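Working notes for the structure below.
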Amino acid sequence: MSKVAIKGVLSGLAFLFLIPFSGQTEEIAFNGTRMQATIIDVRMPQEFAAGHITGALNIPVERIESAIGEVKGLSKESPILLYCRSGRRSAIARVLLERQGYRNVLDGGGIESLARSIKICTVQQPC
């Protein structure tokens with residue numbers, strides 16, 4: 001791939017990081033508990049684009065400390081459910097957010113196990 005093409009791709013990805021996050025919450029059932037939570041995928045944008053949990057925001061772990069404040073409607077008390085590919089990055093992100101004072105951070109671990117254990121509640125499929 002040429003240097004020009006790489007710069008174009010990187011510029012496009014940089015633009016995505018300037019867009020504020022929507023702050024959408026999902027009603028979920030996780031570990032037997034029903035709640036409204038903001039679901040955050042802490043993987044890289046390419047991984048997120050390849051597949052993610054319905055309703056999740058994408059904030060890579062490398063940006064979680066600076067970008068979490070951009071999520072509209074999110075407070076230090078809001079339930080946040082984190083996940084990644086294997087569980088390593090979501091565990092790191094949880095520690096980083098707890099250090100910033102977020103008190104209701106859940107580590108969902110890896111996407112495959114979370115996809116089996118989480119239920120997104122909808123009108124068509126209530127919890």
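Residue names in the structure tokens use chain letters A, B, ... in the order shown, residue numbers from 1 in each chain, and ligand numbers from 1 in the order shown.
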Discussion item. List as a PyMOL selection string the protein and nucleic acid residues near Leu106 in chain A, meaning an atom at most 12 Å away when only C-alpha atoms are counted, but skip any in the same chain fewer than 3 places from it.
Written reply: chain A and resi 30-31+33+35+37-40+77-83+87+90-95+97-98+102-103+109+114
Can I get the selection written as a PDB file, in the first residue's frame, with N, CA and C atoms?
ATOM      1  N   PHE A  30     -27.633  -8.867  32.387  1.00  0.00           N
ATOM      2  CA  PHE A  30     -26.246  -9.322  32.467  1.00  0.00           C
ATOM      3  C   PHE A  30     -26.035  -9.947  33.831  1.00  0.00           C
ATOM      4  N   ASN A  31     -25.563 -11.177  33.846  1.00  0.00           N
ATOM      5  CA  ASN A  31     -25.365 -11.916  35.098  1.00  0.00           C
ATOM      6  C   ASN A  31     -26.625 -11.917  35.954  1.00  0.00           C
ATOM      7  N   THR A  33     -28.986  -9.730  36.156  1.00  0.00           N
ATOM      8  CA  THR A  33     -29.461  -8.419  36.596  1.00  0.00           C
ATOM      9  C   THR A  33     -29.914  -7.613  35.393  1.00  0.00           C
ATOM     10  N   MET A  35     -30.708  -3.978  33.752  1.00  0.00           N
ATOM     11  CA  MET A  35     -30.253  -2.606  33.977  1.00  0.00           C
ATOM     12  C   MET A  35     -30.214  -1.845  32.664  1.00  0.00           C
ATOM     13  N   ALA A  37     -27.620   0.292  30.637  1.00  0.00           N
ATOM     14  CA  ALA A  37     -26.162   0.439  30.656  1.00  0.00           C
ATOM     15  C   ALA A  37     -25.663   0.992  29.334  1.00  0.00           C
ATOM     16  N   THR A  38     -24.550   1.690  29.405  1.00  0.00           N
ATOM     17  CA  THR A  38     -23.825   2.102  28.211  1.00  0.00           C
ATOM     18  C   THR A  38     -22.824   0.991  27.922  1.00  0.00           C
ATOM     19  N   ILE A  39     -22.920   0.409  26.742  1.00  0.00           N
ATOM     20  CA  ILE A  39     -22.045  -0.700  26.356  1.00  0.00           C
ATOM     21  C   ILE A  39     -20.897  -0.123  25.531  1.00  0.00           C
ATOM     22  N   ILE A  40     -19.668  -0.394  25.971  1.00  0.00           N
ATOM     23  CA  ILE A  40     -18.495   0.141  25.278  1.00  0.00           C
ATOM     24  C   ILE A  40     -17.561  -0.989  24.863  1.00  0.00           C
ATOM     25  N   GLU A  77     -21.858   7.696  38.042  1.00  0.00           N
ATOM     26  CA  GLU A  77     -22.713   6.649  38.617  1.00  0.00           C
ATOM     27  C   GLU A  77     -23.343   5.743  37.555  1.00  0.00           C
ATOM     28  N   SER A  78     -23.267   6.136  36.294  1.00  0.00           N
ATOM     29  CA  SER A  78     -23.928   5.385  35.222  1.00  0.00           C
ATOM     30  C   SER A  78     -23.328   3.995  35.056  1.00  0.00           C
ATOM     31  N   PRO A  79     -24.173   2.978  34.865  1.00  0.00           N
ATOM     32  CA  PRO A  79     -23.643   1.643  34.573  1.00  0.00           C
ATOM     33  C   PRO A  79     -22.957   1.624  33.205  1.00  0.00           C
ATOM     34  N   ILE A  80     -21.743   1.100  33.181  1.00  0.00           N
ATOM     35  CA  ILE A  80     -20.959   0.973  31.955  1.00  0.00           C
ATOM     36  C   ILE A  80     -20.537  -0.485  31.838  1.00  0.00           C
ATOM     37  N   LEU A  81     -20.835  -1.100  30.701  1.00  0.00           N
ATOM     38  CA  LEU A  81     -20.428  -2.479  30.440  1.00  0.00           C
ATOM     39  C   LEU A  81     -19.357  -2.463  29.355  1.00  0.00           C
ATOM     40  N   LEU A  82     -18.159  -2.930  29.702  1.00  0.00           N
ATOM     41  CA  LEU A  82     -17.016  -2.942  28.788  1.00  0.00           C
ATOM     42  C   LEU A  82     -16.782  -4.342  28.239  1.00  0.00           C
ATOM     43  N   TYR A  83     -16.297  -4.413  27.002  1.00  0.00           N
ATOM     44  CA  TYR A  83     -15.848  -5.699  26.464  1.00  0.00           C
ATOM     45  C   TYR A  83     -14.788  -5.467  25.394  1.00  0.00           C
ATOM     46  N   GLY A  87     -10.851 -10.108  26.805  1.00  0.00           N
ATOM     47  CA  GLY A  87     -11.065  -9.718  28.196  1.00  0.00           C
ATOM     48  C   GLY A  87      -9.912  -8.932  28.793  1.00  0.00           C
ATOM     49  N   SER A  90     -10.576  -5.013  28.220  1.00  0.00           N
ATOM     50  CA  SER A  90     -11.722  -4.543  29.018  1.00  0.00           C
ATOM     51  C   SER A  90     -11.351  -4.479  30.497  1.00  0.00           C
ATOM     52  N   ALA A  91     -10.508  -5.399  30.969  1.00  0.00           N
ATOM     53  CA  ALA A  91     -10.046  -5.356  32.363  1.00  0.00           C
ATOM     54  C   ALA A  91      -9.185  -4.117  32.606  1.00  0.00           C
ATOM     55  N   ILE A  92      -8.321  -3.793  31.655  1.00  0.00           N
ATOM     56  CA  ILE A  92      -7.493  -2.587  31.771  1.00  0.00           C
ATOM     57  C   ILE A  92      -8.380  -1.345  31.771  1.00  0.00           C
ATOM     58  N   ALA A  93      -9.348  -1.298  30.855  1.00  0.00           N
ATOM     59  CA  ALA A  93     -10.245  -0.140  30.760  1.00  0.00           C
ATOM     60  C   ALA A  93     -11.045   0.046  32.047  1.00  0.00           C
ATOM     61  N   ARG A  94     -11.464  -1.058  32.653  1.00  0.00           N
ATOM     62  CA  ARG A  94     -12.216  -0.955  33.908  1.00  0.00           C
ATOM     63  C   ARG A  94     -11.368  -0.280  34.985  1.00  0.00           C
ATOM     64  N   VAL A  95     -10.135  -0.702  35.131  1.00  0.00           N
ATOM     65  CA  VAL A  95      -9.237  -0.097  36.124  1.00  0.00           C
ATOM     66  C   VAL A  95      -9.053   1.390  35.834  1.00  0.00           C
ATOM     67  N   LEU A  97     -11.047   3.474  34.246  1.00  0.00           N
ATOM     68  CA  LEU A  97     -12.268   4.235  34.541  1.00  0.00           C
ATOM     69  C   LEU A  97     -12.518   4.335  36.041  1.00  0.00           C
ATOM     70  N   GLU A  98     -12.258   3.262  36.766  1.00  0.00           N
ATOM     71  CA  GLU A  98     -12.438   3.310  38.222  1.00  0.00           C
ATOM     72  C   GLU A  98     -11.478   4.312  38.855  1.00  0.00           C
ATOM     73  N   TYR A 102     -15.364   6.467  38.165  1.00  0.00           N
ATOM     74  CA  TYR A 102     -16.578   5.783  37.709  1.00  0.00           C
ATOM     75  C   TYR A 102     -16.818   4.604  38.645  1.00  0.00           C
ATOM     76  N   ARG A 103     -18.028   4.521  39.194  1.00  0.00           N
ATOM     77  CA  ARG A 103     -18.294   3.560  40.264  1.00  0.00           C
ATOM     78  C   ARG A 103     -19.139   2.352  39.852  1.00  0.00           C
ATOM     79  N   GLY A 109     -15.720  -8.871  29.667  1.00  0.00           N
ATOM     80  CA  GLY A 109     -14.736  -9.809  29.134  1.00  0.00           C
ATOM     81  C   GLY A 109     -14.704  -9.799  27.622  1.00  0.00           C
ATOM     82  N   LEU A 114     -19.378 -12.791  26.082  1.00  0.00           N
ATOM     83  CA  LEU A 114     -20.393 -11.791  26.414  1.00  0.00           C
ATOM     84  C   LEU A 114     -21.622 -11.956  25.529  1.00  0.00           C
TER      85      LEU A 114
END
DSSP-assigned strand (DSSP E) members of range 31-79 of chain A, reported as a JSON list (two decimals) with C-alpha atoms, in the first residue's frame:
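Final output, saved to result_33.json:
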[["chain", "number", "residue", "atom", "x", "y", "z"],
["A", 33, "THR", "CA", -29.46, -8.42, 36.60],
["A", 34, "ARG", "CA", -31.60, -6.11, 34.45],
["A", 35, "MET", "CA", -30.25, -2.61, 33.98],
["A", 36, "GLN", "CA", -29.83, 0.33, 31.64],
["A", 37, "ALA", "CA", -26.16, 0.44, 30.66],
["A", 38, "THR", "CA", -23.83, 2.10, 28.21],
["A", 39, "ILE", "CA", -22.04, -0.70, 26.36],
["A", 40, "ILE", "CA", -18.50, 0.14, 25.28],
["A", 41, "ASP", "CA", -16.35, -1.98, 22.98],
["A", 57, "LEU", "CA", -20.05, 2.43, 21.34],
["A", 58, "ASN", "CA", -16.45, 2.00, 20.18]]
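Proximity to Leu96 in chain A was assessed for A:Ser66, A:Gln46, A:Ser117, A:Thr54 counting only C-alpha atoms; the smallest distance is recorded for A:Ser66.
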Discussion item. I'd like to know which residues of range 55-111 of chain A are alpha helix (DSSP H) (by DSSP, run on the backbone); could you write them as an NGL selection string?
Written reply: :A and (64-67 or 88-99 or 111)
Fill in: Nearest candidate to Ala67 in chain A (options A:Ile28, A:Val105, A:Ala50, A:Val42; using only C-alpha atoms)
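Closest residue, counting only C-alpha atoms: A:Val42.
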Discussion item. Given only C-alpha atoms as the basis, pick out the residue of A:Ile118, A:Met44, A:Ala29, A:Ile111 nearest to Val61 in chain A.
Written reply: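 Among the listed residues, A:Met44 lies closest to Val61 in chain A.
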Worksheet item: Just how far from CA of Gly55 in chain A is CA of Lys119 in chain A, in Å to one decimal?
Response: 11.6 Å
Practice prompt. Can you work out the spacing between CA of Asn104 in chain A and CA of Val71 in chain A in Å, to one decimal?
Written response: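 Answer for the CA of Asn104 in chain A to CA of Val71 in chain A separation: 15.2 Å.
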Response to the item:
Students should find that CA of Lys76 in chain A and CA of Gly51 in chain A are spaced 27.9 Å
